[in-house]
Amino acid sequence: MVFTTIDTTEKYRFERLVADGSDETDIFRTEEGLRTFYLHRGKIELIIQNQDTTDVHSINEGEGAVLLPGTTWKINAISGFDSFHVVSHEIFEPPVEIIDDGYGKKEIPLESSKILKNIKKVKKPWGHELWIIWTKKHHVLKQIYMVAGKQSSLQLHKAKLETNFLVEGKADVIAGLHVDLNDPAYGGNIPMDNLDAFRTSIQPGEFWTCIPGEVHRVISMSDYLAYEVSTPELDDVIRLADDSGRLSGRIDTEHRE
């Protein structure tokens with residue numbers, strides 16, 4: 001098994017864990033922060049060691065788990081697999097999961113580690129997102145699918161920090177143009193005629209991280225699949241331009257079945 005760190009920020013560590021065949025971790029790990037992982041490919045056994053018991057969970061492709069700080073665990077590979085992980089550096093007690101059904105939000109304390117199944121799909125004009133986990137103070141993990149020839153909003157965030165890792169497809173990314181939202185001269189305007197200077201082509205295996213105040217957009221050159229890790233401010237979206245005319249903030253209808 002090979003752990004690779006994709007990026008480390010002041011808020012989270014974004015990792016990838018891959019195994020080519022039947023394998024297991026050498027030792028049990030004791031989690032130092034809140035960890036969420038999602039199985040992109042394959043099948044594993046997740047072994048959680050409690051004070052008096054050992055629990056074995058079968059995790060299939062498209063499922064995952066959230067492991068609380070202090071959890072002792074290891075993975076056995078039933079087949080080759082590929083998984084994406086996020087670990088929050090800070091520990092808040094107790095961790096809280098946010099559930100959004102499009103009509104309202106519920107906050108559910110995570111009192112023990114949780115297996116993640118039946119992942120929520122959020123409809124987008126350009127494709128969809130799978131919301132693997134949304135926590136109140138720790139982190140968010142999403143899978144993002146974009147149809148070839150589409151593009152996301154041209155947007156920025158006041159507080160949200162995010163990292164995207166491209167798994168499949170090709171895309172151009174606009175990033176690197178920074179706006180000071182506290183500057184009275186900002187006024188909601190950016191130099192739209194200069195965006196190509198901030199446009200970069202991205203291939204599978206590459207990533208980008210956007211900080212608050214950074215203008216960004218993804219333009220899919222083919223069908224596109226990525227994983228996004230971020231801080232929890234998911235409603236913090238200032239849309240500067242959008243092909244579907246969506247306004248800033250949360251779009252309730254995207255969350256409804």
# chains A, B, ... in the order shown; residues from 1 in each chain; ligands from 1
call {"tool": "residues_around", "arguments": {"residues": "region 149-153 of chain A", "least_positions_apart": "4", "cutoff": "7 Å", "atoms": "only C-alpha atoms", "output": "ChimeraX atom specification"}}
result
/A:126,217-222,239,241-242
call {"tool": "select_by_dssp", "arguments": {"residues": "region 81-144 of chain A", "states": "strand (DSSP E or B)", "output": "PyMOL selection string"}}
result
chain A and resi 81-88+96-100+105-109+114-116+120-124+127-135+140-144
call {"tool": "residues_around", "arguments": {"residues": "His157 (chain A)", "least_positions_apart": "5", "cutoff": "12 Å", "atoms": "only C-alpha atoms", "output": "count of residues only"}}
result
26
call {"tool": "residues_around", "arguments": {"residues": "Thr163 (chain A)", "least_positions_apart": "4", "cutoff": "9 Å", "atoms": "only C-alpha atoms", "output": "count of residues only"}}
result
12
call {"tool": "residues_around", "arguments": {"residues": "region 36-51 of chain A", "least_positions_apart": "2", "cutoff": "6 Å", "atoms": "only C-alpha atoms", "output": "MDAnalysis selection string"}}
result
chainID A and resid 53:66 72:86
call {"tool": "atom_distance", "arguments": {"atom1": "CA of Leu130 (chain A)", "atom2": "CA of Thr4 (chain A)"}}
result
22.5 Å
call {"tool": "residues_around", "arguments": {"residues": "Glu107 (chain A)", "least_positions_apart": "5", "cutoff": "8 Å", "atoms": "only C-alpha atoms", "output": "ChimeraX atom specification"}}
result
/A:96-99,136
call {"tool": "atom_distance", "arguments": {"atom1": "CA of Gly205 (chain A)", "atom2": "CA of Val2 (chain A)"}}
result
14.8 Å
call {"tool": "atom_distance", "arguments": {"atom1": "CA of Ala171 (chain A)", "atom2": "CA of Tyr145 (chain A)"}}
result
11.6 Å
call {"tool": "select_by_dssp", "arguments": {"residues": "region 15-199 of chain A", "states": "helix (DSSP H, G or I)", "output": "PyMOL selection string"}}
result
chain A and resi 192-198
call {"tool": "residues_around", "arguments": {"residues": "region 189-201 of chain A", "least_positions_apart": "2", "cutoff": "7 Å", "atoms": "only C-alpha atoms", "output": "PyMOL selection string"}}
result
chain A and resi 171-177+186-187+203
call {"tool": "write_last_selection", "arguments": {"atoms": "all heavy atoms", "output": "mmCIF file, in the first residue's frame"}}
result
data_model
loop_
_atom_site.group_PDB
_atom_site.id
_atom_site.type_symbol
_atom_site.label_atom_id
_atom_site.label_comp_id
_atom_site.auth_asym_id
_atom_site.auth_seq_id
_atom_site.Cartn_x
_atom_site.Cartn_y
_atom_site.Cartn_z
ATOM 1 N N ALA A 171 -8.833 19.196 -18.214
ATOM 2 C CA ALA A 171 -9.536 20.441 -17.935
ATOM 3 C C ALA A 171 -8.582 21.618 -18.013
ATOM 4 O O ALA A 171 -7.369 21.466 -17.844
ATOM 5 C CB ALA A 171 -10.187 20.385 -16.552
ATOM 6 N N ASP A 172 -9.151 22.773 -18.276
ATOM 7 C CA ASP A 172 -8.443 24.024 -18.076
ATOM 8 C C ASP A 172 -8.980 24.636 -16.790
ATOM 9 O O ASP A 172 -10.191 24.585 -16.520
ATOM 10 C CB ASP A 172 -8.663 24.985 -19.241
ATOM 11 C CG ASP A 172 -7.835 24.610 -20.459
ATOM 12 O OD1 ASP A 172 -7.081 23.613 -20.400
ATOM 13 O OD2 ASP A 172 -7.958 25.303 -21.484
ATOM 14 N N VAL A 173 -8.087 25.202 -16.005
ATOM 15 C CA VAL A 173 -8.462 25.804 -14.729
ATOM 16 C C VAL A 173 -8.024 27.259 -14.725
ATOM 17 O O VAL A 173 -6.876 27.569 -15.050
ATOM 18 C CB VAL A 173 -7.815 25.045 -13.553
ATOM 19 C CG1 VAL A 173 -8.095 25.768 -12.233
ATOM 20 C CG2 VAL A 173 -8.333 23.617 -13.490
ATOM 21 N N ILE A 174 -8.964 28.128 -14.378
ATOM 22 C CA ILE A 174 -8.630 29.531 -14.121
ATOM 23 C C ILE A 174 -8.411 29.669 -12.623
ATOM 24 O O ILE A 174 -9.297 29.352 -11.823
ATOM 25 C CB ILE A 174 -9.750 30.465 -14.598
ATOM 26 C CG1 ILE A 174 -9.851 30.411 -16.127
ATOM 27 C CG2 ILE A 174 -9.507 31.895 -14.121
ATOM 28 C CD1 ILE A 174 -11.045 31.163 -16.692
ATOM 29 N N ALA A 175 -7.245 30.103 -12.227
ATOM 30 C CA ALA A 175 -6.918 30.276 -10.806
ATOM 31 C C ALA A 175 -5.727 31.226 -10.704
ATOM 32 O O ALA A 175 -4.976 31.402 -11.670
ATOM 33 C CB ALA A 175 -6.581 28.940 -10.149
ATOM 34 N N GLY A 176 -5.561 31.815 -9.525
ATOM 35 C CA GLY A 176 -4.400 32.674 -9.289
ATOM 36 C C GLY A 176 -4.693 34.151 -9.285
ATOM 37 O O GLY A 176 -3.823 34.955 -8.921
ATOM 38 N N LEU A 177 -5.912 34.547 -9.689
ATOM 39 C CA LEU A 177 -6.299 35.956 -9.633
ATOM 40 C C LEU A 177 -6.914 36.215 -8.265
ATOM 41 O O LEU A 177 -7.961 35.664 -7.921
ATOM 42 C CB LEU A 177 -7.297 36.284 -10.741
ATOM 43 C CG LEU A 177 -7.917 37.683 -10.723
ATOM 44 C CD1 LEU A 177 -6.838 38.753 -10.822
ATOM 45 C CD2 LEU A 177 -8.933 37.837 -11.848
ATOM 46 N N TYR A 186 -12.963 47.276 -4.543
ATOM 47 C CA TYR A 186 -13.312 46.027 -5.247
ATOM 48 C C TYR A 186 -14.655 46.177 -5.951
ATOM 49 O O TYR A 186 -14.756 46.029 -7.165
ATOM 50 C CB TYR A 186 -13.321 44.861 -4.255
ATOM 51 C CG TYR A 186 -14.050 43.636 -4.751
ATOM 52 C CD1 TYR A 186 -13.737 43.047 -5.976
ATOM 53 C CD2 TYR A 186 -15.080 43.076 -3.996
ATOM 54 C CE1 TYR A 186 -14.415 41.939 -6.429
ATOM 55 C CE2 TYR A 186 -15.765 41.958 -4.443
ATOM 56 C CZ TYR A 186 -15.430 41.392 -5.658
ATOM 57 O OH TYR A 186 -16.119 40.297 -6.103
ATOM 58 N N GLY A 187 -15.717 46.440 -5.217
ATOM 59 C CA GLY A 187 -17.021 46.730 -5.813
ATOM 60 C C GLY A 187 -17.627 45.617 -6.628
ATOM 61 O O GLY A 187 -18.531 45.840 -7.434
ATOM 62 N N GLN A 203 -3.908 17.896 -16.074
ATOM 63 C CA GLN A 203 -3.965 16.496 -16.479
ATOM 64 C C GLN A 203 -4.234 15.613 -15.252
ATOM 65 O O GLN A 203 -4.027 16.039 -14.113
ATOM 66 C CB GLN A 203 -2.634 16.082 -17.123
ATOM 67 C CG GLN A 203 -2.196 16.946 -18.292
ATOM 68 C CD GLN A 203 -3.083 16.794 -19.496
ATOM 69 O OE1 GLN A 203 -3.635 15.734 -19.752
ATOM 70 N NE2 GLN A 203 -3.227 17.872 -20.271
#
call {"tool": "closest_residue", "arguments": {"among": "A:Leu154, A:Val122, A:Val18, A:Ile144", "to": "Leu166 (chain A)", "atoms": "only C-alpha atoms"}}
result
A:Ile144
call {"tool": "closest_residue", "arguments": {"among": "A:His128, A:Leu34, A:Lys105, A:Lys120", "to": "Phe92 (chain A)", "atoms": "only C-alpha atoms"}}
result
A:Leu34
